[in-house]
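Structure file start-v1.pdb with PDB, C-alpha atoms and all ligand atoms:
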ATOM      1  CA  MET M 844       2.490  15.476 -16.754  1.00  0.00           C
ATOM      2  CA  PRO M 845       3.748  13.381 -13.845  1.00  0.00           C
ATOM      3  CA  ALA M 846       4.206  15.250 -10.603  1.00  0.00           C
ATOM      4  CA  LEU M 847       7.779  15.695  -9.567  1.00  0.00           C
ATOM      5  CA  ARG M 848       8.522  14.354  -6.122  1.00  0.00           C
ATOM      6  CA  ARG M 849      10.610  16.600  -3.969  1.00  0.00           C
ATOM      7  CA  THR M 850      12.145  16.316  -0.573  1.00  0.00           C
ATOM      8  CA  PRO M 851       9.339  17.277   1.795  1.00  0.00           C
ATOM      9  CA  LEU M 852       9.818  20.891   2.781  1.00  0.00           C
ATOM     10  CA  LEU M 853       8.395  20.210   6.211  1.00  0.00           C
ATOM     11  CA  ALA M 854      11.762  18.861   7.298  1.00  0.00           C
ATOM     12  CA  VAL M 855      13.497  22.024   6.138  1.00  0.00           C
ATOM     13  CA  VAL M 856      10.997  24.244   7.920  1.00  0.00           C
ATOM     14  CA  GLY M 857      11.338  22.120  11.035  1.00  0.00           C
ATOM     15  CA  ILE M 858      15.035  22.863  11.219  1.00  0.00           C
ATOM     16  CA  THR M 859      14.841  26.558  10.500  1.00  0.00           C
ATOM     17  CA  LEU M 860      11.440  27.341  11.889  1.00  0.00           C
ATOM     18  CA  GLY M 861      10.401  30.912  11.284  1.00  0.00           C
ATOM     19  CA  ALA M 862      12.594  32.212   8.511  1.00  0.00           C
ATOM     20  CA  ALA M 863      11.862  29.343   6.162  1.00  0.00           C
ATOM     21  CA  ALA M 864       8.152  29.649   6.821  1.00  0.00           C
ATOM     22  CA  PHE M 865       8.168  33.042   5.118  1.00  0.00           C
ATOM     23  CA  LEU M 866      10.029  31.699   2.100  1.00  0.00           C
ATOM     24  CA  VAL M 867       7.874  28.647   1.470  1.00  0.00           C
ATOM     25  CA  PRO M 868       4.173  29.484   1.409  1.00  0.00           C
ATOM     26  CA  SER M 869       3.038  25.947   2.059  1.00  0.00           C
ATOM     27  CA  ALA M 870       5.289  24.068   4.419  1.00  0.00           C
ATOM     28  CA  SER M 871       4.433  20.484   3.532  1.00  0.00           C
ATOM     29  CA  ALA M 872       2.916  20.863   0.074  1.00  0.00           C
ATOM     30  CA  ASP M 873       4.485  19.130  -2.890  1.00  0.00           C
ATOM     31  CA  ILE M 874       4.298  21.906  -5.498  1.00  0.00           C
ATOM     32  CA  PRO M 875       6.316  21.090  -8.626  1.00  0.00           C
ATOM     33  CA  PRO M 876       8.977  23.694  -9.383  1.00  0.00           C
ATOM     34  CA  GLY M 877       7.613  26.291 -11.788  1.00  0.00           C
ATOM     35  CA  TYR M 878       3.964  25.373 -11.375  1.00  0.00           C
ATOM     36  CA  TYR M 879       2.948  28.913 -10.395  1.00  0.00           C
ATOM     37  CA  ASP M 880       5.556  30.835 -12.387  1.00  0.00           C
ATOM     38  CA  ALA M 881       2.936  32.436 -14.667  1.00  0.00           C
ATOM     39  CA  ALA M 882       1.220  33.926 -11.603  1.00  0.00           C
ATOM     40  CA  ALA M 883       4.339  35.509 -10.139  1.00  0.00           C
ATOM     41  CA  GLY M 884       3.934  39.169  -9.246  1.00  0.00           C
ATOM     42  CA  LYS M 885       0.301  39.348 -10.373  1.00  0.00           C
ATOM     43  CA  THR M 886      -2.668  40.561  -8.319  1.00  0.00           C
ATOM     44  CA  GLY M 887      -6.431  40.939  -8.706  1.00  0.00           C
ATOM     45  CA  ALA M 888      -8.022  40.086 -12.046  1.00  0.00           C
ATOM     46  CA  GLU M 889      -4.643  39.405 -13.649  1.00  0.00           C
ATOM     47  CA  LEU M 890      -3.880  36.854 -10.978  1.00  0.00           C
ATOM     48  CA  HIS M 891      -7.326  35.277 -11.417  1.00  0.00           C
ATOM     49  CA  SER M 892      -6.667  34.907 -15.168  1.00  0.00           C
ATOM     50  CA  ALA M 893      -3.186  33.496 -14.703  1.00  0.00           C
ATOM     51  CA  LEU M 894      -4.392  30.965 -12.141  1.00  0.00           C
ATOM     52  CA  HIS M 895      -7.303  30.006 -14.388  1.00  0.00           C
ATOM     53  CA  GLU M 896      -4.840  29.046 -17.111  1.00  0.00           C
ATOM     54  CA  ILE M 897      -2.562  27.178 -14.705  1.00  0.00           C
ATOM     55  CA  ILE M 898      -5.282  25.060 -13.068  1.00  0.00           C
ATOM     56  CA  GLY M 899      -7.413  24.672 -16.213  1.00  0.00           C
ATOM     57  CA  THR M 900      -5.331  21.759 -17.448  1.00  0.00           C
ATOM     58  CA  GLY M 901      -5.681  18.245 -16.153  1.00  0.00           C
ATOM     59  CA  THR M 902      -8.278  15.531 -15.905  1.00  0.00           C
ATOM     60  CA  HIS M 903     -11.954  15.351 -15.004  1.00  0.00           C
ATOM     61  CA  LEU M 904     -13.067  12.144 -13.318  1.00  0.00           C
ATOM     62  CA  SER M 905     -16.374  10.473 -14.090  1.00  0.00           C
ATOM     63  CA  TYR M 906     -18.967  10.798 -11.341  1.00  0.00           C
ATOM     64  CA  ASP M 907     -18.563   7.091 -10.639  1.00  0.00           C
ATOM     65  CA  GLU M 908     -14.795   7.447 -10.226  1.00  0.00           C
ATOM     66  CA  VAL M 909     -15.421  10.095  -7.557  1.00  0.00           C
ATOM     67  CA  TRP M 910     -16.501   7.392  -5.099  1.00  0.00           C
ATOM     68  CA  ASP M 911     -13.102   5.702  -5.014  1.00  0.00           C
ATOM     69  CA  ALA M 912     -11.250   9.009  -5.106  1.00  0.00           C
ATOM     70  CA  LEU M 913     -13.064  10.314  -2.022  1.00  0.00           C
ATOM     71  CA  LYS M 914     -12.239   7.096  -0.177  1.00  0.00           C
ATOM     72  CA  ALA M 915      -8.581   8.118  -0.597  1.00  0.00           C
ATOM     73  CA  THR M 916      -8.729  11.923  -0.352  1.00  0.00           C
ATOM     74  CA  ASP M 917     -10.941  11.903   2.742  1.00  0.00           C
ATOM     75  CA  GLU M 918      -9.599   8.778   4.377  1.00  0.00           C
ATOM     76  CA  ASP M 919      -9.818   8.532   8.182  1.00  0.00           C
ATOM     77  CA  PRO M 920      -6.234   9.002   9.456  1.00  0.00           C
ATOM     78  CA  ALA M 921      -7.038   6.540  12.259  1.00  0.00           C
ATOM     79  CA  ASP M 922      -8.424   3.786   9.993  1.00  0.00           C
ATOM     80  CA  PRO M 923      -7.958   3.555   6.210  1.00  0.00           C
ATOM     81  CA  ALA M 924     -11.201   1.566   5.921  1.00  0.00           C
ATOM     82  CA  ASN M 925     -13.164   4.682   6.928  1.00  0.00           C
ATOM     83  CA  VAL M 926     -13.802   8.104   5.440  1.00  0.00           C
ATOM     84  CA  ILE M 927     -14.411  11.338   7.390  1.00  0.00           C
ATOM     85  CA  MET M 928     -17.714  13.160   6.920  1.00  0.00           C
ATOM     86  CA  ILE M 929     -17.135  16.806   6.053  1.00  0.00           C
ATOM     87  CA  TYR M 930     -19.884  18.455   8.134  1.00  0.00           C
ATOM     88  CA  SER M 931     -19.950  16.137  11.174  1.00  0.00           C
ATOM     89  CA  GLY M 932     -16.329  14.987  11.387  1.00  0.00           C
ATOM     90  CA  ALA M 933     -17.610  11.463  12.014  1.00  0.00           C
ATOM     91  CA  ALA M 934     -15.914   8.408  10.507  1.00  0.00           C
ATOM     92  CA  MET M 935     -17.995   6.036   8.393  1.00  0.00           C
ATOM     93  CA  PRO M 936     -16.985   2.794   6.654  1.00  0.00           C
ATOM     94  CA  GLU M 937     -15.777   3.665   3.161  1.00  0.00           C
ATOM     95  CA  ASP M 938     -17.971   0.956   1.640  1.00  0.00           C
ATOM     96  CA  ALA M 939     -21.100   2.495   3.184  1.00  0.00           C
ATOM     97  CA  ASN M 940     -21.416   4.800   0.172  1.00  0.00           C
ATOM     98  CA  GLY M 941     -24.795   5.169  -1.499  1.00  0.00           C
ATOM     99  CA  GLY M 942     -28.127   6.876  -1.204  1.00  0.00           C
ATOM    100  CA  ALA M 943     -29.725   5.268   1.855  1.00  0.00           C
ATOM    101  CA  ALA M 944     -30.248   7.061   5.149  1.00  0.00           C
ATOM    102  CA  ASP M 945     -27.408   5.202   6.885  1.00  0.00           C
ATOM    103  CA  GLN M 946     -24.904   5.771   4.064  1.00  0.00           C
ATOM    104  CA  TRP M 947     -22.622   8.587   2.892  1.00  0.00           C
ATOM    105  CA  ASN M 948     -22.667  10.269  -0.505  1.00  0.00           C
ATOM    106  CA  ARG M 949     -20.901  12.873  -2.622  1.00  0.00           C
ATOM    107  CA  GLU M 950     -21.520  16.385  -1.313  1.00  0.00           C
ATOM    108  CA  HIS M 951     -20.948  19.248  -3.750  1.00  0.00           C
ATOM    109  CA  THR M 952     -19.833  22.055  -1.435  1.00  0.00           C
ATOM    110  CA  TRP M 953     -20.389  24.380  -4.423  1.00  0.00           C
ATOM    111  CA  ALA M 954     -24.024  23.278  -4.731  1.00  0.00           C
ATOM    112  CA  LYS M 955     -24.511  21.844  -8.192  1.00  0.00           C
ATOM    113  CA  SER M 956     -27.723  23.782  -8.769  1.00  0.00           C
ATOM    114  CA  HIS M 957     -25.717  27.039  -8.501  1.00  0.00           C
ATOM    115  CA  GLY M 958     -24.756  27.051 -12.170  1.00  0.00           C
ATOM    116  CA  ASP M 959     -26.646  23.863 -13.017  1.00  0.00           C
ATOM    117  CA  PHE M 960     -23.518  21.836 -13.776  1.00  0.00           C
ATOM    118  CA  GLY M 961     -24.894  18.458 -12.747  1.00  0.00           C
ATOM    119  CA  THR M 962     -22.633  15.421 -12.400  1.00  0.00           C
ATOM    120  CA  SER M 963     -21.061  15.035 -15.839  1.00  0.00           C
ATOM    121  CA  PRO M 964     -17.241  15.361 -15.850  1.00  0.00           C
ATOM    122  CA  GLY M 965     -16.417  18.956 -14.919  1.00  0.00           C
ATOM    123  CA  PRO M 966     -17.415  21.034 -11.911  1.00  0.00           C
ATOM    124  CA  GLY M 967     -19.823  18.296 -10.814  1.00  0.00           C
ATOM    125  CA  THR M 968     -16.977  15.786 -10.420  1.00  0.00           C
ATOM    126  CA  ASP M 969     -14.205  18.138  -9.259  1.00  0.00           C
ATOM    127  CA  LEU M 970     -12.593  16.686  -6.141  1.00  0.00           C
ATOM    128  CA  HIS M 971     -11.396  20.076  -4.910  1.00  0.00           C
ATOM    129  CA  HIS M 972     -14.942  20.828  -3.753  1.00  0.00           C
ATOM    130  CA  LEU M 973     -16.469  17.336  -3.411  1.00  0.00           C
ATOM    131  CA  ARG M 974     -16.550  15.768   0.064  1.00  0.00           C
ATOM    132  CA  PRO M 975     -18.178  12.806   1.787  1.00  0.00           C
ATOM    133  CA  SER M 976     -21.294  13.590   3.811  1.00  0.00           C
ATOM    134  CA  GLU M 977     -23.961  11.577   5.559  1.00  0.00           C
ATOM    135  CA  VAL M 978     -26.931  11.377   3.190  1.00  0.00           C
ATOM    136  CA  GLY M 979     -29.221  13.163   5.648  1.00  0.00           C
ATOM    137  CA  VAL M 980     -26.758  15.947   6.426  1.00  0.00           C
ATOM    138  CA  ASN M 981     -26.141  16.457   2.705  1.00  0.00           C
ATOM    139  CA  SER M 982     -29.888  16.800   2.270  1.00  0.00           C
ATOM    140  CA  THR M 983     -30.080  19.354   5.094  1.00  0.00           C
ATOM    141  CA  ARG M 984     -27.385  21.460   3.442  1.00  0.00           C
ATOM    142  CA  GLY M 985     -29.222  21.180   0.116  1.00  0.00           C
ATOM    143  CA  ASN M 986     -28.190  24.113  -2.063  1.00  0.00           C
ATOM    144  CA  LEU M 987     -27.942  26.681   0.737  1.00  0.00           C
ATOM    145  CA  ASP M 988     -25.315  29.377   0.546  1.00  0.00           C
ATOM    146  CA  PHE M 989     -22.690  29.550   3.294  1.00  0.00           C
ATOM    147  CA  ASP M 990     -23.029  32.071   6.150  1.00  0.00           C
ATOM    148  CA  ASN M 991     -22.722  32.161   9.926  1.00  0.00           C
ATOM    149  CA  GLY M 992     -25.657  31.297  12.144  1.00  0.00           C
ATOM    150  CA  GLY M 993     -28.492  28.877  12.697  1.00  0.00           C
ATOM    151  CA  SER M 994     -29.314  25.835  14.803  1.00  0.00           C
ATOM    152  CA  PRO M 995     -27.209  22.675  15.201  1.00  0.00           C
ATOM    153  CA  VAL M 996     -27.666  20.232  12.311  1.00  0.00           C
ATOM    154  CA  ASP M 997     -29.059  16.775  13.113  1.00  0.00           C
ATOM    155  CA  ASP M 998     -26.142  14.282  13.087  1.00  0.00           C
ATOM    156  CA  ALA M 999     -23.652  17.148  12.575  1.00  0.00           C
ATOM    157  CA  PRO M1000     -24.163  19.280  15.686  1.00  0.00           C
ATOM    158  CA  GLU M1001     -21.035  21.404  15.197  1.00  0.00           C
ATOM    159  CA  SER M1002     -22.489  22.642  11.894  1.00  0.00           C
ATOM    160  CA  ARG M1003     -25.439  25.029  11.798  1.00  0.00           C
ATOM    161  CA  VAL M1004     -28.345  25.686   9.487  1.00  0.00           C
ATOM    162  CA  ASP M1005     -31.120  28.249   9.197  1.00  0.00           C
ATOM    163  CA  GLU M1006     -33.691  29.046   6.521  1.00  0.00           C
ATOM    164  CA  ASP M1007     -31.247  30.600   4.063  1.00  0.00           C
ATOM    165  CA  SER M1008     -27.723  29.446   4.906  1.00  0.00           C
ATOM    166  CA  PHE M1009     -25.419  26.727   6.231  1.00  0.00           C
ATOM    167  CA  GLU M1010     -22.386  27.080   8.548  1.00  0.00           C
ATOM    168  CA  PRO M1011     -19.909  24.150   8.583  1.00  0.00           C
ATOM    169  CA  ARG M1012     -17.990  23.157  11.714  1.00  0.00           C
ATOM    170  CA  ASP M1013     -14.933  25.265  12.572  1.00  0.00           C
ATOM    171  CA  ALA M1014     -12.300  22.677  11.592  1.00  0.00           C
ATOM    172  CA  VAL M1015     -13.376  22.680   7.931  1.00  0.00           C
ATOM    173  CA  LYS M1016     -14.540  26.262   7.474  1.00  0.00           C
ATOM    174  CA  GLY M1017     -11.336  27.249   5.689  1.00  0.00           C
ATOM    175  CA  ASP M1018     -11.172  24.019   3.682  1.00  0.00           C
ATOM    176  CA  ILE M1019     -14.642  24.660   2.316  1.00  0.00           C
ATOM    177  CA  ALA M1020     -13.930  28.326   1.635  1.00  0.00           C
ATOM    178  CA  ARG M1021     -10.787  27.463  -0.343  1.00  0.00           C
ATOM    179  CA  GLY M1022     -12.743  24.873  -2.346  1.00  0.00           C
ATOM    180  CA  ILE M1023     -15.268  27.557  -3.283  1.00  0.00           C
ATOM    181  CA  LEU M1024     -12.520  30.024  -4.249  1.00  0.00           C
ATOM    182  CA  TYR M1025     -10.879  27.313  -6.372  1.00  0.00           C
ATOM    183  CA  MET M1026     -14.153  26.697  -8.218  1.00  0.00           C
ATOM    184  CA  ALA M1027     -14.512  30.395  -8.995  1.00  0.00           C
ATOM    185  CA  VAL M1028     -11.069  30.512 -10.630  1.00  0.00           C
ATOM    186  CA  ARG M1029     -11.206  27.092 -12.292  1.00  0.00           C
ATOM    187  CA  TYR M1030     -14.586  27.667 -14.007  1.00  0.00           C
ATOM    188  CA  ASP M1031     -14.789  30.906 -15.994  1.00  0.00           C
ATOM    189  CA  GLY M1032     -17.381  30.024 -18.627  1.00  0.00           C
ATOM    190  CA  ASP M1033     -14.954  29.053 -21.385  1.00  0.00           C
ATOM    191  CA  ASP M1034     -15.479  25.276 -21.221  1.00  0.00           C
ATOM    192  CA  GLY M1035     -19.213  24.775 -21.718  1.00  0.00           C
ATOM    193  CA  PHE M1036     -20.010  25.271 -18.036  1.00  0.00           C
ATOM    194  CA  ALA M1037     -21.184  28.428 -16.289  1.00  0.00           C
ATOM    195  CA  ASP M1038     -18.745  31.077 -15.036  1.00  0.00           C
ATOM    196  CA  LEU M1039     -18.851  30.318 -11.311  1.00  0.00           C
ATOM    197  CA  GLU M1040     -18.255  33.263  -8.984  1.00  0.00           C
ATOM    198  CA  PRO M1041     -18.734  33.979  -5.286  1.00  0.00           C
ATOM    199  CA  ASN M1042     -20.908  36.911  -4.191  1.00  0.00           C
ATOM    200  CA  ASP M1043     -22.028  38.297  -0.856  1.00  0.00           C
ATOM    201  CA  SER M1044     -25.618  37.040  -1.001  1.00  0.00           C
ATOM    202  CA  VAL M1045     -27.618  34.168   0.370  1.00  0.00           C
ATOM    203  CA  GLY M1046     -30.543  32.727  -1.574  1.00  0.00           C
ATOM    204  CA  ASN M1047     -28.585  32.498  -4.828  1.00  0.00           C
ATOM    205  CA  GLY M1048     -30.745  29.584  -5.944  1.00  0.00           C
ATOM    206  CA  SER M1049     -29.809  28.414  -9.436  1.00  0.00           C
ATOM    207  CA  ALA M1050     -27.621  31.423 -10.316  1.00  0.00           C
ATOM    208  CA  PRO M1051     -23.931  30.491 -10.818  1.00  0.00           C
ATOM    209  CA  PHE M1052     -22.979  32.302  -7.606  1.00  0.00           C
ATOM    210  CA  MET M1053     -22.088  31.140  -4.108  1.00  0.00           C
ATOM    211  CA  GLY M1054     -22.248  33.259  -0.981  1.00  0.00           C
ATOM    212  CA  ARG M1055     -21.229  34.806   1.119  1.00  0.00           C
ATOM    213  CA  ILE M1056     -17.768  35.848  -0.008  1.00  0.00           C
ATOM    214  CA  SER M1057     -17.146  38.126   3.003  1.00  0.00           C
ATOM    215  CA  VAL M1058     -17.812  35.209   5.366  1.00  0.00           C
ATOM    216  CA  LEU M1059     -15.845  32.722   3.259  1.00  0.00           C
ATOM    217  CA  LEU M1060     -12.812  35.031   3.384  1.00  0.00           C
ATOM    218  CA  GLU M1061     -13.151  35.216   7.178  1.00  0.00           C
ATOM    219  CA  TRP M1062     -13.295  31.429   7.379  1.00  0.00           C
ATOM    220  CA  HIS M1063     -10.251  31.211   5.063  1.00  0.00           C
ATOM    221  CA  THR M1064      -8.300  33.342   7.560  1.00  0.00           C
ATOM    222  CA  GLN M1065      -9.636  31.700  10.730  1.00  0.00           C
ATOM    223  CA  ASP M1066      -8.882  28.155   9.522  1.00  0.00           C
ATOM    224  CA  PRO M1067      -5.676  28.260   7.427  1.00  0.00           C
ATOM    225  CA  PRO M1068      -4.440  25.221   5.450  1.00  0.00           C
ATOM    226  CA  ASP M1069      -2.931  22.521   7.649  1.00  0.00           C
ATOM    227  CA  ALA M1070      -0.749  19.551   6.681  1.00  0.00           C
ATOM    228  CA  ALA M1071      -3.758  17.295   6.079  1.00  0.00           C
ATOM    229  CA  GLU M1072      -5.382  19.780   3.702  1.00  0.00           C
ATOM    230  CA  GLN M1073      -2.081  20.239   1.868  1.00  0.00           C
ATOM    231  CA  ALA M1074      -1.713  16.468   1.575  1.00  0.00           C
ATOM    232  CA  ARG M1075      -5.246  16.248   0.127  1.00  0.00           C
ATOM    233  CA  ASN M1076      -4.319  18.891  -2.460  1.00  0.00           C
ATOM    234  CA  ASP M1077      -1.152  16.964  -3.329  1.00  0.00           C
ATOM    235  CA  LEU M1078      -3.103  13.714  -3.707  1.00  0.00           C
ATOM    236  CA  ILE M1079      -5.691  15.267  -6.034  1.00  0.00           C
ATOM    237  CA  PHE M1080      -2.876  16.746  -8.099  1.00  0.00           C
ATOM    238  CA  GLU M1081      -0.711  13.646  -8.251  1.00  0.00           C
ATOM    239  CA  GLN M1082      -3.283  10.853  -8.479  1.00  0.00           C
ATOM    240  CA  TYR M1083      -6.534  12.225  -9.892  1.00  0.00           C
ATOM    241  CA  GLN M1084      -6.765  15.611 -11.605  1.00  0.00           C
ATOM    242  CA  ASN M1085      -3.246  16.943 -12.157  1.00  0.00           C
ATOM    243  CA  ASN M1086      -4.299  20.407 -10.986  1.00  0.00           C
ATOM    244  CA  ARG M1087      -3.919  22.157  -7.649  1.00  0.00           C
ATOM    245  CA  ASN M1088      -5.969  24.436  -5.426  1.00  0.00           C
ATOM    246  CA  PRO M1089      -3.913  27.669  -5.474  1.00  0.00           C
ATOM    247  CA  PHE M1090      -5.524  28.955  -2.270  1.00  0.00           C
ATOM    248  CA  VAL M1091      -4.231  25.974  -0.306  1.00  0.00           C
ATOM    249  CA  ASP M1092      -0.741  26.560  -1.699  1.00  0.00           C
ATOM    250  CA  HIS M1093      -0.845  30.374  -1.505  1.00  0.00           C
ATOM    251  CA  PRO M1094      -3.491  31.524   0.994  1.00  0.00           C
ATOM    252  CA  GLU M1095      -2.376  35.140   0.530  1.00  0.00           C
ATOM    253  CA  TRP M1096      -3.770  35.183  -3.019  1.00  0.00           C
ATOM    254  CA  ALA M1097      -7.421  35.171  -1.927  1.00  0.00           C
ATOM    255  CA  ASP M1098      -7.397  38.725  -0.610  1.00  0.00           C
ATOM    256  CA  THR M1099      -5.864  40.180  -3.767  1.00  0.00           C
ATOM    257  CA  ILE M1100      -8.576  38.668  -5.982  1.00  0.00           C
ATOM    258  CA  TRP M1101     -11.601  39.290  -3.736  1.00  0.00           C
TER     259      TRP M1101
HETATM  260 CA    CA M1201      -9.170  23.165   8.366  1.00  0.00          CA
HETATM  261 CA    CA M1202     -15.240  32.065 -12.476  1.00  0.00          CA
END
For this file, write the structure as structure tokens.
Amino acid sequence: MPALRRTPLLAVVGITLGAAAFLVPSASADIPPGYYDAAAGKTGAELHSALHEIIGTGTHLSYDEVWDALKATDEDPADPANVIMIYSGAAMPEDANGGAADQWNREHTWAKSHGDFGTSPGPGTDLHHLRPSEVGVNSTRGNLDFDNGGSPVDDAPESRVDEDSFEPRDAVKGDIARGILYMAVRYDGDDGFADLEPNDSVGNGSAPFMGRISVLLEWHTQDPPDAAEQARNDLIFEQYQNNRNPFVDHPEWADTIW
């Protein structure tokens, strides 16, 4: 299904700032008319189910295709030959992708061991939670759950790590939280992969859970979707997967489900 291009709503909101902002949940997002109709008026588990059906269609990339996709979705706004590292905010040349210490690779913010989904097409290749990271920083994050606290991470000093959790830098806290919430709704165990769900624990290990939901919801509120995050969601929808992250489009839905 090709995405329908609409007049950017940002212009409308710009003219009637305030009132329009309450009518359109996502000022610059390019949501096709009707996309969320099946979710209208629903809350809680019913909303989760409706969203699961809506975002369960679309395409899974191969793990190899993820490289080129990330070069577009996480492009440096100051230089299209670079990509931005999720945990440090640093720019690196897009062609410095790989597994060496001075390269960047594909970070699964929902750690792939949490549900053991690997890198075959599915949750392991889903761009809504995959981000570029320096190889060493990715290794430091490992499969830790998310929580506040710890010491500055080498090469990503605005992010923090301790023995049982990882805290990303403030500017991406909400982005990462919304990626985790997306994964929980997109993967419900009906497609050969585990039913992914957030919980309020750290140390989840290989269980298909990701913590801590109370902290992720705080991050979601503290760092709401901005125009760049909405544009990333649009790009994934229009160019790569043909599905959207509902929590970028409708941030208010997170609190009714969790
Ligand atoms: Ca953000
Ligand atoms: Ca789930």
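In terms of minimum interatomic distance to ligand CA 1202 (chain M), M:Asn1042 ranks closest within M:Ser994, M:Ser963, M:Ser956, M:Asn1042, counting only C-alpha atoms and all ligand atoms.
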One decimal, Å: what's the distance from atom CA of M:Glu1001 over to atom CA of M:Pro923, could you say?
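Separating atom CA of M:Glu1001 from atom CA of M:Pro923 is a distance of 23.9 Å.
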Would you list the residues that come within 12 Å of ligand CA 1202 (chain M)? Count all atoms listed in the file and give the answer as a ChimeraX atom specification.
/M:888,891-892,894-896,899,958,966,1023-1034,1036-1042,1051-1053,1100-1101
Would you mind listing the residues within 6 Å of ligand CA 1201 (chain M), counting all atoms listed in the file, as a VMD selection string?
chain M and resid 1014 to 1015 1017 to 1018 1066 1068
Do you know which residues are at most 12 Å from M:Ser982 counting only C-alpha atoms, after dropping those on the same chain fewer than 6 positions away, and could you put them as a list in words?
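In the requested format, the answer is Tyr930, Gly942, Ala943, Ala944, Trp947, Asn948, Arg949, Glu950, His951, Thr952, Ala954, Ser976, Val996, Asp997, Asp998, Val1004 and Phe1009 of chain M.
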Please tell me which residues are no farther than 8 Å from (-6.6, 26.0, -5.6) in the file, counting all atoms listed in the file, and write them as a PDB file with C-alpha atoms, in the coordinates of the input.
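As written to disk, selection.pdb reads:
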ATOM      1  CA  ILE M 898      -5.282  25.060 -13.068  1.00  0.00           C
ATOM      2  CA  HIS M 971     -11.396  20.076  -4.910  1.00  0.00           C
ATOM      3  CA  ARG M1021     -10.787  27.463  -0.343  1.00  0.00           C
ATOM      4  CA  GLY M1022     -12.743  24.873  -2.346  1.00  0.00           C
ATOM      5  CA  LEU M1024     -12.520  30.024  -4.249  1.00  0.00           C
ATOM      6  CA  TYR M1025     -10.879  27.313  -6.372  1.00  0.00           C
ATOM      7  CA  ARG M1087      -3.919  22.157  -7.649  1.00  0.00           C
ATOM      8  CA  ASN M1088      -5.969  24.436  -5.426  1.00  0.00           C
ATOM      9  CA  PRO M1089      -3.913  27.669  -5.474  1.00  0.00           C
ATOM     10  CA  PHE M1090      -5.524  28.955  -2.270  1.00  0.00           C
ATOM     11  CA  VAL M1091      -4.231  25.974  -0.306  1.00  0.00           C
ATOM     12  CA  ASP M1092      -0.741  26.560  -1.699  1.00  0.00           C
TER      13      ASP M1092
END
Under the PyMOL selection byres (((chain M and resi 988) around 8) and not hetatm), which residues of this model are included? Write them out as an MDAnalysis selection string.
chainID M and resid 986:987 989:990 1007:1009 1044:1047 1053:1055
Option closest in space to M:Ala872, from M:Asn1085, M:Thr900, M:Asn1076, M:Thr1099 [counting all atoms listed in the file]:
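For M:Ala872, the nearest of the given residues is M:Asn1076.
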If you apply the PyMOL selection byres (((chain M and resi 1075) around 12) and not hetatm) to this file, what residues do you get, as a count of residues only?
39
The PyMOL selection byres (((chain M and resi 968) around 7) and not hetatm) resolved against shown file, as a PDB file with C-alpha atoms, in the frame of the given file:
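What ended up in out_20.pdb:
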ATOM      1  CA  HIS M 903     -11.954  15.351 -15.004  1.00  0.00           C
ATOM      2  CA  LEU M 904     -13.067  12.144 -13.318  1.00  0.00           C
ATOM      3  CA  SER M 905     -16.374  10.473 -14.090  1.00  0.00           C
ATOM      4  CA  TYR M 906     -18.967  10.798 -11.341  1.00  0.00           C
ATOM      5  CA  VAL M 909     -15.421  10.095  -7.557  1.00  0.00           C
ATOM      6  CA  THR M 962     -22.633  15.421 -12.400  1.00  0.00           C
ATOM      7  CA  SER M 963     -21.061  15.035 -15.839  1.00  0.00           C
ATOM      8  CA  PRO M 964     -17.241  15.361 -15.850  1.00  0.00           C
ATOM      9  CA  GLY M 965     -16.417  18.956 -14.919  1.00  0.00           C
ATOM     10  CA  PRO M 966     -17.415  21.034 -11.911  1.00  0.00           C
ATOM     11  CA  GLY M 967     -19.823  18.296 -10.814  1.00  0.00           C
ATOM     12  CA  ASP M 969     -14.205  18.138  -9.259  1.00  0.00           C
ATOM     13  CA  LEU M 970     -12.593  16.686  -6.141  1.00  0.00           C
TER      14      LEU M 970
END
Using only C-alpha atoms, which of M:Glu1095, M:Glu889, M:Gly1048, M:Lys1016 sits nearest M:Trp1062?
M:Lys1016
Rounded to one decimal, what separation in Å do you get between atom CA of M:Asn925 and atom CA of M:Lys955?
25.5 Å
Length of the atom CA of M:Val978 to atom CA of M:Leu1059 vector [Å]:
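Distance between the two atoms: 24.1 Å.
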Nearest to M:His957, chosen from M:Ala934, M:Asp1098, M:His1093, M:Gly985, with all atoms listed in the file counted in the distances
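Nearest candidate to M:His957 out of M:Ala934, M:Asp1098, M:His1093, M:Gly985: M:Gly985.
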